[in-house]
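Asker: So I've got this file, target01.txt, and it contains compact mmCIF, C-alpha atoms:
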```txt
# COMPACT_ATOMS: atom_id res chain seq x y z
CA MET A 23 186.81 110.74 75.23
CA SER A 24 184.75 107.52 75.09
CA ASN A 25 182.99 105.87 72.19
CA VAL A 26 179.32 105.87 73.19
CA ILE A 27 176.37 104.13 71.55
CA ILE A 28 172.81 105.17 72.36
CA THR A 29 170.13 102.64 71.47
CA GLY A 30 166.80 104.33 70.85
CA GLY A 31 165.94 107.75 69.46
CA GLY A 32 163.09 108.72 71.75
CA ALA A 33 163.15 111.42 74.44
CA ALA A 34 165.54 109.56 76.76
CA GLY A 35 167.85 108.44 73.95
CA MET A 36 168.11 111.83 72.29
CA MET A 37 168.78 113.55 75.60
CA ALA A 38 171.41 110.95 76.54
CA ALA A 39 173.10 111.42 73.16
CA TYR A 40 173.15 115.21 73.57
CA ALA A 41 174.47 115.05 77.15
CA ALA A 42 177.21 112.54 76.26
CA ALA A 43 178.31 114.54 73.22
CA GLU A 44 178.32 117.75 75.25
CA ARG A 45 180.90 116.09 77.52
CA GLY A 46 183.07 115.54 74.48
CA HIS A 47 182.38 111.88 73.80
CA SER A 48 182.08 110.37 70.34
CA VAL A 49 178.38 109.44 70.15
CA VAL A 50 176.41 107.27 67.75
CA LEU A 51 172.63 107.07 68.17
CA ILE A 52 170.99 103.99 66.65
CA GLU A 53 167.23 104.11 65.98
CA LYS A 54 165.16 101.31 64.40
CA ASN A 55 162.55 103.64 62.87
CA GLU A 56 162.79 105.86 59.81
CA LYS A 57 162.84 108.97 62.01
CA LEU A 58 163.58 110.08 65.55
CA GLY A 59 161.01 110.68 68.27
CA LYS A 60 158.19 108.66 66.77
CA LYS A 61 156.41 108.32 70.11
CA ILE A 62 157.02 111.98 71.02
CA PHE A 63 155.29 112.83 67.74
CA ILE A 64 151.94 111.41 68.95
CA THR A 65 152.10 112.49 72.61
CA GLY A 66 149.64 115.08 73.86
CA LYS A 67 147.44 114.39 70.82
CA GLY A 68 150.27 115.52 68.60
CA ARG A 69 151.02 118.64 70.66
CA CYS A 70 153.62 117.05 72.99
CA ASN A 71 153.17 117.79 76.69
CA VAL A 72 156.93 118.12 77.00
CA THR A 73 157.07 118.51 80.81
CA ASN A 74 155.29 120.08 83.77
CA ALA A 75 156.32 123.51 85.09
CA CYS A 76 155.53 122.66 88.74
CA GLU A 77 157.88 123.08 91.70
CA GLN A 78 160.46 120.33 92.05
CA ASP A 79 158.80 118.66 95.04
CA LYS A 80 155.66 118.27 92.92
CA LEU A 81 157.67 116.34 90.34
CA PHE A 82 158.37 113.66 92.93
CA GLU A 83 154.76 113.67 94.17
CA ASN A 84 153.54 112.84 90.67
CA VAL A 85 155.85 109.84 90.20
CA VAL A 86 153.99 106.58 90.89
CA SER A 87 156.81 104.02 90.95
CA ASN A 88 160.14 104.51 92.77
CA PRO A 89 160.18 108.33 93.11
CA LYS A 90 163.20 108.27 95.47
CA PHE A 91 165.28 106.66 92.73
CA LEU A 92 164.86 109.87 90.71
CA TYR A 93 166.42 112.29 93.23
CA SER A 94 169.76 112.52 91.42
CA ALA A 95 168.16 112.58 87.97
CA PHE A 96 165.72 115.40 88.79
CA TYR A 97 168.33 117.45 90.64
CA ASP A 98 170.85 116.94 87.82
CA PHE A 99 168.42 118.09 85.15
CA ASP A 100 164.98 119.34 86.15
CA ASN A 101 161.98 120.73 84.30
CA GLN A 102 163.26 124.31 84.34
CA GLN A 103 166.60 123.31 82.82
CA LEU A 104 164.79 121.29 80.17
CA MET A 105 162.55 124.21 79.21
CA GLU A 106 165.55 126.53 78.98
CA LEU A 107 167.41 124.05 76.79
CA ILE A 108 164.51 123.59 74.37
CA LYS A 109 163.80 127.33 74.17
CA ASN A 110 167.45 128.02 73.40
CA ALA A 111 167.30 125.36 70.68
CA GLY A 112 164.70 127.46 68.88
CA CYS A 113 161.44 126.02 70.17
CA PRO A 114 159.43 128.49 72.32
CA LEU A 115 157.19 126.94 74.98
CA LYS A 116 153.95 127.84 76.78
CA VAL A 117 152.40 126.72 80.06
CA GLU A 118 148.74 125.68 80.14
CA ARG A 119 146.23 124.44 82.72
CA GLY A 120 147.73 122.13 85.31
CA GLU A 121 151.16 123.64 84.51
CA ARG A 122 151.44 121.42 81.45
CA VAL A 123 154.12 122.65 79.06
CA PHE A 124 153.67 122.56 75.26
CA PRO A 125 155.47 124.08 72.27
CA VAL A 126 153.90 127.41 71.33
CA SER A 127 153.28 126.02 67.84
CA ASP A 128 151.27 123.06 69.24
CA HIS A 129 153.39 120.81 67.00
CA SER A 130 155.30 117.97 68.66
CA SER A 131 157.56 117.84 65.62
CA ASP A 132 159.11 121.13 66.81
CA ILE A 133 160.33 119.45 70.01
CA ILE A 134 161.89 116.64 68.00
CA ALA A 135 163.49 119.12 65.61
CA ALA A 136 164.93 121.09 68.54
CA MET A 137 166.50 117.96 70.03
CA GLU A 138 167.86 116.97 66.63
CA ARG A 139 169.49 120.40 66.23
CA LEU A 140 171.08 120.08 69.67
CA MET A 141 172.51 116.65 68.88
CA ARG A 142 173.83 117.55 65.45
CA LYS A 143 175.44 120.70 66.82
CA LYS A 144 177.37 118.52 69.27
CA GLY A 145 178.38 116.08 66.55
CA VAL A 146 176.12 113.13 67.34
CA GLU A 147 176.02 110.62 64.48
CA ILE A 148 172.46 109.43 63.89
CA ARG A 149 171.82 106.08 62.23
CA LEU A 150 168.22 105.26 61.33
CA HIS A 151 166.66 102.00 60.08
CA ARG A 152 168.99 99.94 62.28
CA THR A 153 168.02 97.80 65.27
CA VAL A 154 170.29 96.77 68.13
CA SER A 155 169.70 93.10 68.90
CA GLU A 156 172.34 92.62 71.58
CA VAL A 157 174.65 94.56 73.86
CA LEU A 158 178.05 92.88 73.93
CA ALA A 159 179.99 92.55 77.17
CA GLN A 160 183.11 90.77 78.32
CA ASP A 161 184.30 90.24 81.89
CA GLY A 162 181.49 92.45 83.20
CA GLN A 163 182.32 95.34 80.88
CA VAL A 164 180.44 96.61 77.82
CA THR A 165 182.37 96.17 74.57
CA GLY A 166 179.77 97.24 72.00
CA VAL A 167 176.52 96.28 70.32
CA LYS A 168 175.31 93.91 67.63
CA THR A 169 172.55 94.86 65.20
CA THR A 170 169.94 92.66 63.54
CA ASP A 171 171.85 92.76 60.24
CA GLY A 172 174.75 90.97 61.96
CA LYS A 173 177.08 93.95 62.25
CA THR A 174 178.94 94.80 65.45
CA PHE A 175 179.95 98.24 66.73
CA ALA A 176 182.59 98.72 69.40
CA ALA A 177 181.80 101.00 72.34
CA ASP A 178 183.16 101.95 75.74
CA ALA A 179 179.63 102.69 76.97
CA VAL A 180 176.09 101.88 75.84
CA VAL A 181 172.91 103.65 76.92
CA LEU A 182 169.81 101.46 76.57
CA ALA A 183 166.85 103.77 75.90
CA THR A 184 164.63 101.58 73.75
CA GLY A 185 161.34 102.40 75.49
CA GLY A 186 158.74 100.08 76.94
CA LEU A 187 155.78 98.26 75.41
CA SER A 188 153.22 101.04 74.99
CA TYR A 189 152.19 102.14 71.49
CA PRO A 190 154.03 99.24 69.78
CA THR A 191 153.43 100.81 66.35
CA THR A 192 156.05 103.42 67.30
CA GLY A 193 158.67 100.70 67.72
CA SER A 194 158.24 100.10 71.45
CA THR A 195 158.33 96.32 71.33
CA GLY A 196 160.25 95.53 74.51
CA ASP A 197 163.64 94.91 72.87
CA GLY A 198 165.46 96.54 75.78
CA TYR A 199 163.95 94.19 78.35
CA ARG A 200 165.25 91.15 76.47
CA ILE A 201 168.70 92.71 76.01
CA ALA A 202 168.89 93.62 79.73
CA LYS A 203 167.78 90.12 80.80
CA ASN A 204 170.51 88.57 78.67
CA LEU A 205 173.01 90.68 80.62
CA GLY A 206 171.66 89.41 83.94
CA HIS A 207 169.19 92.15 84.81
CA THR A 208 165.80 91.55 86.44
CA VAL A 209 162.70 92.92 84.73
CA LYS A 210 159.74 93.62 86.98
CA GLU A 211 156.42 92.50 85.47
CA CYS A 212 155.22 95.01 82.89
CA THR A 213 151.63 96.22 82.58
CA PRO A 214 149.90 98.96 80.56
CA ALA A 215 149.59 102.29 82.42
CA LEU A 216 147.98 105.66 81.73
CA VAL A 217 145.41 103.63 79.85
CA PRO A 218 141.58 103.72 79.54
CA MET A 219 139.45 101.49 81.79
CA GLU A 220 136.79 98.98 80.93
CA ILE A 221 133.63 99.28 83.04
CA SER A 222 131.08 96.55 83.93
CA GLU A 223 127.93 98.70 84.16
CA PRO A 224 125.95 98.56 80.86
CA TRP A 225 124.61 102.11 81.36
CA CYS A 226 128.13 103.42 80.97
CA ARG A 227 127.98 102.65 77.21
CA LEU A 228 124.90 104.86 76.87
CA LEU A 229 127.07 107.84 77.79
CA GLN A 230 129.65 107.28 75.03
CA GLY A 231 131.19 110.60 73.98
CA LEU A 232 130.13 112.50 77.11
CA SER A 233 132.95 114.51 78.66
CA LEU A 234 132.70 115.60 82.29
CA LYS A 235 134.83 118.51 83.50
CA ASN A 236 135.62 119.64 87.03
CA VAL A 237 134.65 116.37 88.67
CA THR A 238 136.40 114.35 91.35
CA LEU A 239 137.22 110.70 90.62
CA THR A 240 138.13 108.27 93.39
CA MET A 241 139.54 104.78 92.81
CA ALA A 242 139.10 102.22 95.58
CA CYS A 243 140.06 98.64 96.28
CA GLY A 244 137.11 97.35 98.26
CA THR A 245 136.64 99.99 100.97
CA LYS A 246 140.22 101.33 100.74
CA LYS A 247 140.79 104.50 98.69
CA ILE A 248 143.88 104.12 96.51
CA TRP A 249 143.72 107.28 94.38
CA GLN A 250 141.76 110.50 94.00
CA GLY A 251 141.98 113.36 91.52
CA PHE A 252 140.10 116.37 90.16
CA GLY A 253 139.72 117.19 86.48
CA GLU A 254 138.24 115.83 83.29
CA MET A 255 137.03 112.38 82.18
CA LEU A 256 135.32 110.84 79.17
CA PHE A 257 132.79 108.03 78.69
CA THR A 258 133.56 105.61 75.83
CA HIS A 259 131.99 102.58 74.16
CA PHE A 260 133.92 100.30 76.54
CA GLY A 261 134.09 102.40 79.71
CA LEU A 262 136.13 105.44 80.70
CA SER A 263 139.02 107.54 79.44
CA GLY A 264 140.33 111.09 79.80
CA PRO A 265 143.12 112.58 81.97
CA LEU A 266 141.58 111.65 85.35
CA VAL A 267 140.98 108.05 84.33
CA LEU A 268 144.41 107.61 82.75
CA SER A 269 146.13 108.80 85.92
CA ALA A 270 143.94 106.56 88.09
CA SER A 271 144.83 103.54 85.93
CA SER A 272 148.42 103.69 87.16
CA PHE A 273 147.17 102.64 90.59
CA TYR A 274 144.96 99.77 89.38
CA HIS A 275 147.58 97.09 90.05
CA LYS A 276 148.03 98.24 93.64
CA CYS A 277 144.85 96.28 94.33
CA LYS A 278 145.64 92.59 94.80
CA ASN A 279 142.08 91.62 93.90
CA PRO A 280 141.12 93.33 90.61
CA ASP A 281 137.47 92.29 91.10
CA GLU A 282 137.24 94.79 93.96
CA VAL A 283 138.34 97.87 92.00
CA THR A 284 135.74 100.64 91.70
CA VAL A 285 135.78 104.24 90.54
CA THR A 286 133.39 106.78 92.05
CA VAL A 287 132.65 110.15 90.50
CA ASN A 288 131.50 113.21 92.43
CA LEU A 289 129.61 115.22 89.82
CA LYS A 290 129.36 118.31 92.05
CA PRO A 291 132.61 118.43 94.07
CA ALA A 292 132.33 122.18 94.71
CA LEU A 293 129.25 121.57 96.92
CA THR A 294 128.97 119.80 100.24
CA ALA A 295 126.18 117.24 100.62
CA GLU A 296 124.16 119.84 102.54
CA GLN A 297 124.71 122.54 99.90
CA LEU A 298 123.76 120.16 97.10
CA ASP A 299 120.61 119.09 98.96
CA LYS A 300 119.61 122.75 99.38
CA ARG A 301 120.17 123.38 95.68
CA ILE A 302 118.03 120.38 94.67
CA LEU A 303 115.36 121.35 97.19
CA ARG A 304 115.28 124.89 95.79
CA GLU A 305 114.90 123.46 92.27
CA PHE A 306 112.11 121.18 93.44
CA GLU A 307 110.22 123.96 95.29
CA GLN A 308 110.13 126.03 92.11
CA ASN A 309 108.68 123.15 90.11
CA LEU A 310 106.36 121.31 92.53
CA ASN A 311 103.81 120.26 89.91
CA LYS A 312 106.22 119.23 87.19
CA GLN A 313 107.39 115.69 86.51
CA PHE A 314 110.75 114.63 87.91
CA LYS A 315 112.16 113.92 84.42
CA ASN A 316 111.47 117.51 83.36
CA VAL A 317 113.17 119.11 86.35
CA ILE A 318 116.30 117.04 86.90
CA GLY A 319 117.80 118.18 83.59
CA SER A 320 119.04 121.39 85.16
CA LEU A 321 121.43 119.39 87.34
CA TYR A 322 123.19 117.21 84.76
CA PRO A 323 124.30 117.15 81.10
CA ALA A 324 121.44 116.09 78.79
CA LYS A 325 123.03 112.72 77.96
CA LEU A 326 123.48 111.89 81.64
CA THR A 327 119.97 112.84 82.76
CA PRO A 328 118.09 109.63 81.76
CA VAL A 329 120.84 107.51 83.34
CA MET A 330 120.61 109.45 86.61
CA ILE A 331 116.80 109.07 86.58
CA SER A 332 117.16 105.32 86.14
CA LEU A 333 119.86 104.95 88.81
CA SER A 334 117.97 107.14 91.30
CA GLY A 335 115.06 104.72 91.39
CA ILE A 336 112.64 107.64 91.14
CA ASP A 337 109.93 107.28 88.52
CA GLY A 338 110.53 109.95 85.88
CA GLU A 339 106.77 110.55 85.62
CA LYS A 340 106.50 111.29 89.33
CA LYS A 341 105.48 114.82 90.29
CA ILE A 342 108.08 116.75 92.25
CA HIS A 343 105.75 117.32 95.23
CA GLU A 344 105.39 113.52 95.53
CA ILE A 345 109.15 112.90 95.94
CA THR A 346 110.04 111.96 99.49
CA ARG A 347 112.87 113.38 101.53
CA LYS A 348 114.55 109.96 101.47
CA GLU A 349 114.39 109.86 97.66
CA ARG A 350 115.90 113.34 97.50
CA GLU A 351 118.71 112.35 99.88
CA ASN A 352 119.42 109.29 97.72
CA LEU A 353 119.67 111.58 94.68
CA VAL A 354 122.22 113.73 96.54
CA GLU A 355 124.23 110.62 97.42
CA LEU A 356 124.10 109.35 93.82
CA THR A 357 125.27 112.72 92.48
CA ARG A 358 128.22 112.76 94.86
CA ASN A 359 129.04 109.06 94.50
CA LEU A 360 128.32 107.74 91.00
CA GLN A 361 130.03 104.36 91.27
CA MET A 362 131.30 102.03 88.54
CA HIS A 363 133.11 98.68 88.68
CA VAL A 364 136.38 98.39 86.76
CA SER A 365 136.50 95.10 84.85
CA GLY A 366 139.99 95.70 83.45
CA LEU A 367 142.34 98.00 81.59
CA ARG A 368 142.81 98.40 77.84
CA ASP A 369 145.98 97.00 76.27
CA TYR A 370 149.35 98.43 75.23
CA THR A 371 147.99 99.77 71.93
CA GLU A 372 146.11 102.40 73.96
CA ALA A 373 148.53 102.78 76.87
CA ILE A 374 150.64 105.93 77.08
CA ILE A 375 153.35 104.24 79.15
CA THR A 376 154.52 100.92 80.58
CA GLN A 377 154.45 100.23 84.29
CA GLY A 378 157.20 97.92 85.51
CA GLY A 379 160.55 97.35 83.81
CA ILE A 380 164.20 97.02 84.75
CA LYS A 381 164.59 96.69 88.51
CA VAL A 382 165.96 100.00 89.79
CA LYS A 383 167.93 98.34 92.62
CA GLU A 384 170.22 96.99 89.91
CA VAL A 385 170.91 100.52 88.60
CA ASN A 386 173.00 103.23 90.27
CA PRO A 387 170.59 106.18 90.76
CA SER A 388 173.50 108.67 90.81
CA THR A 389 174.67 107.75 87.30
CA MET A 390 172.04 105.44 85.70
CA GLU A 391 174.83 102.88 85.24
CA SER A 392 174.14 99.19 85.67
CA ARG A 393 175.39 97.72 88.93
CA LEU A 394 175.96 94.45 87.08
CA VAL A 395 177.71 95.48 83.85
CA LYS A 396 180.23 98.33 83.73
CA GLY A 397 179.61 100.81 80.93
CA LEU A 398 175.92 99.89 80.55
CA TYR A 399 173.45 102.70 81.27
CA PHE A 400 169.66 102.84 81.28
CA ALA A 401 167.23 105.70 80.63
CA GLY A 402 163.53 106.32 80.17
CA GLU A 403 160.52 104.04 80.09
CA LEU A 404 162.70 100.92 80.12
CA LEU A 405 163.21 101.43 83.86
CA ASP A 406 160.62 100.64 86.53
CA LEU A 407 159.60 104.31 86.74
CA ASP A 408 156.32 105.99 85.82
CA GLY A 409 154.20 108.99 86.68
CA VAL A 410 150.68 110.31 86.22
CA THR A 411 149.57 112.41 83.24
CA GLY A 412 150.71 116.00 82.84
CA GLY A 413 154.20 115.80 81.35
CA PHE A 414 155.79 113.86 84.22
CA ASN A 415 156.70 110.75 82.23
CA LEU A 416 158.52 112.75 79.58
CA GLN A 417 160.39 114.59 82.34
CA ILE A 418 161.47 111.20 83.74
CA ALA A 419 162.80 110.36 80.26
CA TRP A 420 164.60 113.70 79.83
CA SER A 421 166.15 113.60 83.31
CA THR A 422 167.30 109.97 83.30
CA GLY A 423 168.62 110.38 79.75
CA HIS A 424 170.59 113.49 80.67
CA LEU A 425 172.04 111.87 83.80
CA ALA A 426 173.04 108.72 81.90
CA GLY A 427 174.74 110.66 79.11
CA SER A 428 176.55 113.09 81.38
CA SER A 429 177.75 110.34 83.75
CA ILE A 430 179.80 108.45 81.17
CA PRO A 431 183.49 108.84 82.10
CA ASP A 432 186.32 109.55 79.70
CA GLY A 433 187.87 106.44 78.12
CA ASP A 434 191.29 105.19 79.03
```
Please express the file's structure as structure tokens.
Answerer:
Amino acid sequence: MSNVIITGGGAAGMMAAYAAAERGHSVVLIEKNEKLGKKIFITGKGRCNVTNACEQDKLFENVVSNPKFLYSAFYDFDNQQLMELIKNAGCPLKVERGERVFPVSDHSSDIIAAMERLMRKKGVEIRLHRTVSEVLAQDGQVTGVKTTDGKTFAADAVVLATGGLSYPTTGSTGDGYRIAKNLGHTVKECTPALVPMEISEPWCRLLQGLSLKNVTLTMACGTKKIWQGFGEMLFTHFGLSGPLVLSASSFYHKCKNPDEVTVTVNLKPALTAEQLDKRILREFEQNLNKQFKNVIGSLYPAKLTPVMISLSGIDGEKKIHEITRKERENLVELTRNLQMHVSGLRDYTEAIITQGGIKVKEVNPSTMESRLVKGLYFAGELLDLDGVTGGFNLQIAWSTGHLAGSSIPDGD
């Protein structure tokens, strides 16, 4: 049996505490907040998209940074094992569109309560309102931790699971990065990810509140496509948000010149250009003597119609029979390629996760143990790992936490 300290009571920390205690270790979980799982509480708009029920190969496909590093973690503890564990802990789950998994109750607090029951059943000691300021090590071996109130706690192993920088009001203030750096670890530059985008085009603001469903969004760097997805997006007072946009934002920094980043929306992805042209032509032929502005409304949401009229370059007062073939073809092109320029991303207060973090080459992927300090383990958002929306980031946290906790050897 080893004395284990877990720093951080989020998804990764709670899972690491459970897994270590299940192996018979003496485990203390230290959390700075007044309660556990503060970030879990607000995920999925308070419903908690706990994981994704997809096949295992799809888990890897939806990881943006360093997916190969997660082989051992995902195979050690995958989405199916997680769902079984949570169900057995008294929290029934359901699978929704996109194979997103939520508690049947739609209350994220039920996920937290389930994890708390699991930990307490295994004898984990939970200490709230206490912040770890330093991990102590001697001769390349962890010896314990020091808290901000000056107290020290001896330990054979420490799991750092303090989260990243996103949603700082939940306590994610980057403490773990500083602690890791002090122990010699490299921290790759951190940026907000799964975050809304700011758009340059003024007309975008006119569409504030408009939600588009079943559209295709493509992000490009100059002429090079860097991401594409199908789903839902939302116009805001500053630009764009919604699941499609959040996922696309994780690829923003793959473009070396941010000034060249654009997003293009296909408003009618189910139709080819030829099919869309035929549909518009049919609409036009039925309304030859009407004004363009009074016919185009059947193609787009009401809020979008005046913007499309303006961008098409066709006078709204123009009679349908006066519209040229070229103008109609331009309208087809605009509908399939509504382009916007990304001027930047929103900050950490609106970001779901942090991109970047502790360099994974300095961590053993088979155990989550530091390659630099024996007895030091990492889990969750602290690592340079991230995925797109849909429950994949929480699965990264659950899997890395479980692997870290279950890899801690018995003490001497």
Asker: With all atoms listed in the file as the counted atoms, please give the residues lying no more than 12 Å from Asn88 (chain A), apart from itself and same-chain residues fewer than 4 positions off, as a PyMOL selection string.
Answerer: chain A and resi 82-84+92-93+377-383+387+405-409+418
Asker: Considering all atoms listed in the file, state which residue in the set A:Ala292, A:Thr376, A:Arg119, A:Ser392 is at the smallest distance from Asn415 (chain A).
Answerer: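 Looking only at the distances to Asn415 (chain A), the closest residue turns out to be A:Thr376.
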Asker: Would you please work out which residue, of A:Ala34, A:Met23, A:Val209, A:Ile133, is nearest to Gly46 (chain A) when using only C-alpha atoms?
Answerer: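 Between A:Ala34, A:Met23, A:Val209, A:Ile133, the residue approaching Gly46 (chain A) most closely is A:Met23.
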Asker: List the residues sitting within 9 Å of (184.5, 112.5, 79.9) in the file's frame, using all atoms listed in the file, as a PyMOL selection string.
Answerer: chain A and resi 23-24+42+45-47+428-433
Asker: Using all atoms listed in the file, which protein or nucleic acid residues come within 7 Å of Leu115 (chain A)? Drop anything in the same chain fewer than 4 positions from it, and give the result as an MDAnalysis selection string.
Answerer: chainID A and resid 109 123:126
Asker: Would you export the selected residues with C-alpha atoms as a compact mmCIF listing (two decimals), keeping the file's coordinate frame, please?
Answerer:
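The result, written out as part-v3.txt:
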```txt
# COMPACT_ATOMS: atom_id res chain seq x y z
CA LYS A 109 163.80 127.33 74.17
CA VAL A 123 154.12 122.65 79.06
CA PHE A 124 153.67 122.56 75.26
CA PRO A 125 155.47 124.08 72.27
CA VAL A 126 153.90 127.41 71.33
```
Asker: Report, in Å to a single decimal, how far apart CA of Pro224 (chain A) and CA of Ile331 (chain A) are.
Answerer: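 Separation between CA of Ile331 (chain A) and CA of Pro224 (chain A): 15.1 Å.
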Asker: Grab the CA of Met330 (chain A) to CA of Leu353 (chain A) distance for me, in Å with one decimal place.
Answerer: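 About the pair CA of Met330 (chain A) and CA of Leu353 (chain A): they are 8.4 Å apart.
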Asker: Using only C-alpha atoms, determine which residues lie at most 10 Å from Thr191 (chain A), disregarding the query and same-chain residues fewer than 2 positions distant; provide the list as a ChimeraX atom specification.
Answerer: /A:60-61,187-189,193-195,371
Asker: Write the selection just made, keeping C-alpha atoms, as a compact mmCIF listing (two decimals), in the coordinates of the input?
Answerer:
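That gives us selection22.txt:
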```
# COMPACT_ATOMS: atom_id res chain seq x y z
CA LYS A 60 158.19 108.66 66.77
CA LYS A 61 156.41 108.32 70.11
CA LEU A 187 155.78 98.26 75.41
CA SER A 188 153.22 101.04 74.99
CA TYR A 189 152.19 102.14 71.49
CA GLY A 193 158.67 100.70 67.72
CA SER A 194 158.24 100.10 71.45
CA THR A 195 158.33 96.32 71.33
CA THR A 371 147.99 99.77 71.93
```
Asker: Could you pull the residues within 7 Å of Val287 (chain A), counting all atoms listed in the file, minus those fewer than 3 positions along the same chain, as a list in words?
Answerer: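 Listed by chain and then number, they are Val237, Thr238, Leu239, Thr240, Arg358, Asn359, Leu360 and Gln361 of chain A.
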Asker: Tell me which of A:Gln250, A:Thr411, A:Asn311, A:Thr192 sits closest to Gly264 (chain A), counting only C-alpha atoms.
Answerer: A:Thr411
Asker: Wanna dump the region 333-429 of chain A-region 312-329 of chain A contacts at 12 Å for me, each residue with its shortest atom pair and the distance in Å to one decimal, counting only C-alpha atoms, ordered by chain and number, as CSV?
Answerer:
```
residue,atom,partner,partner_atom,distance
A:Leu333,CA,A:Val329,CA,6.1
A:Ser334,CA,A:Val329,CA,8.5
A:Gly335,CA,A:Val329,CA,10.3
A:Ile336,CA,A:Phe314,CA,7.9
A:Asp337,CA,A:Phe314,CA,7.4
A:Gly338,CA,A:Lys315,CA,4.5
A:Glu339,CA,A:Gln313,CA,5.3
A:Lys340,CA,A:Gln313,CA,5.3
A:Lys341,CA,A:Gln313,CA,4.3
A:Ile342,CA,A:Phe314,CA,5.5
A:His343,CA,A:Lys312,CA,8.3
A:Glu344,CA,A:Phe314,CA,9.4
A:Ile345,CA,A:Phe314,CA,8.4
A:Thr346,CA,A:Phe314,CA,11.9
A:Glu349,CA,A:Phe314,CA,11.4
A:Arg350,CA,A:Phe314,CA,11.0
A:Leu353,CA,A:Ile318,CA,10.1
A:Val354,CA,A:Leu321,CA,10.8
A:Leu356,CA,A:Val329,CA,11.1
A:Thr357,CA,A:Tyr322,CA,9.2
A:Leu360,CA,A:Val329,CA,10.7
```
Asker: From the set A:Asp79, A:Glu403, A:Glu305, A:Asp128, which residue has the shortest atom-to-atom contact distance to Phe96 (chain A), counting only C-alpha atoms?
Answerer: A:Asp79
Asker: Between CA of Gln103 (chain A) and CA of Gly31 (chain A), what is the distance, to one decimal in Å?
Answerer: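 Interatomic distance, CA of Gln103 (chain A) to CA of Gly31 (chain A): 20.5 Å.
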Asker: Please provide as a PyMOL selection string all residues within 9 Å of Ala111 (chain A), with the sequence filter that same-chain residues fewer than 5 positions apart are discarded (counting all atoms listed in the file).
Answerer: chain A and resi 106+135-137+139-140
Asker: Rank A:Glu296, A:Glu351, A:Glu56, A:Glu118 by their smallest atom-to-atom distance to Asn71 (chain A), using only C-alpha atoms, and report the top residue only.
Answerer: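 For Asn71 (chain A), the nearest of the candidates is A:Glu118.
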Asker: With distances taken over only C-alpha atoms, which of A:Leu404, A:Glu211, A:Thr258, A:Glu355 is nearest to Arg227 (chain A)?
Answerer: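 Result for the nearest residue to Arg227 (chain A): A:Thr258.
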Asker: Could you produce a table of the residues of region 140-185 of chain A lying within 10 Å of region 35-38 of chain A, with the nearest pair of atoms per residue and their separation in Å rounded to one decimal, using only C-alpha atoms, ordered by chain and increasing residue number, as a Markdown table?
Answerer:
```
| residue | atom | partner | partner_atom | distance |
| --- | --- | --- | --- | --- |
| A:Leu140 | CA | A:Met37 | CA | 9.1 |
| A:Met141 | CA | A:Met36 | CA | 7.4 |
| A:Val146 | CA | A:Met36 | CA | 9.5 |
| A:Ile148 | CA | A:Met36 | CA | 9.8 |
| A:Val181 | CA | A:Ala38 | CA | 7.5 |
| A:Leu182 | CA | A:Gly35 | CA | 7.7 |
| A:Ala183 | CA | A:Gly35 | CA | 5.2 |
| A:Thr184 | CA | A:Gly35 | CA | 7.6 |
| A:Gly185 | CA | A:Gly35 | CA | 9.0 |
```
Asker: Could the residues in this selection be written to a file with C-alpha atoms, as a short mmCIF file (atom, residue, chain, number, x, y, z; two decimals), in the coordinates of the input?
Answerer:
```cif
data_model
loop_
_atom_site.label_atom_id
_atom_site.label_comp_id
_atom_site.auth_asym_id
_atom_site.auth_seq_id
_atom_site.Cartn_x
_atom_site.Cartn_y
_atom_site.Cartn_z
CA LEU A 140 171.08 120.08 69.67
CA MET A 141 172.51 116.65 68.88
CA VAL A 146 176.12 113.13 67.34
CA ILE A 148 172.46 109.43 63.89
CA VAL A 181 172.91 103.65 76.92
CA LEU A 182 169.81 101.46 76.57
CA ALA A 183 166.85 103.77 75.90
CA THR A 184 164.63 101.58 73.75
CA GLY A 185 161.34 102.40 75.49
#
```
Asker: Rebuild N, CA and C atoms on region 114-120 of chain A, as a PDB file, in the frame of the given file?
Answerer:
```
ATOM      1  N   PRO A 114     160.081 127.809  71.192  1.00  0.00           N
ATOM      2  CA  PRO A 114     159.430 128.490  72.320  1.00  0.00           C
ATOM      3  C   PRO A 114     158.328 127.627  72.933  1.00  0.00           C
ATOM      4  N   LEU A 115     158.141 127.774  74.244  1.00  0.00           N
ATOM      5  CA  LEU A 115     157.190 126.940  74.980  1.00  0.00           C
ATOM      6  C   LEU A 115     156.124 127.796  75.654  1.00  0.00           C
ATOM      7  N   LYS A 116     155.025 127.166  76.035  1.00  0.00           N
ATOM      8  CA  LYS A 116     153.950 127.840  76.780  1.00  0.00           C
ATOM      9  C   LYS A 116     153.456 126.907  77.877  1.00  0.00           C
ATOM     10  N   VAL A 117     152.917 127.496  78.936  1.00  0.00           N
ATOM     11  CA  VAL A 117     152.400 126.720  80.060  1.00  0.00           C
ATOM     12  C   VAL A 117     150.882 126.844  80.083  1.00  0.00           C
ATOM     13  N   GLU A 118     150.203 125.693  80.148  1.00  0.00           N
ATOM     14  CA  GLU A 118     148.740 125.680  80.140  1.00  0.00           C
ATOM     15  C   GLU A 118     148.196 125.158  81.467  1.00  0.00           C
ATOM     16  N   ARG A 119     146.904 124.911  81.507  1.00  0.00           N
ATOM     17  CA  ARG A 119     146.230 124.440  82.720  1.00  0.00           C
ATOM     18  C   ARG A 119     146.941 123.227  83.324  1.00  0.00           C
ATOM     19  N   GLY A 120     147.050 123.226  84.645  1.00  0.00           N
ATOM     20  CA  GLY A 120     147.730 122.130  85.310  1.00  0.00           C
ATOM     21  C   GLY A 120     149.242 122.216  85.167  1.00  0.00           C
TER      22      GLY A 120
END
```
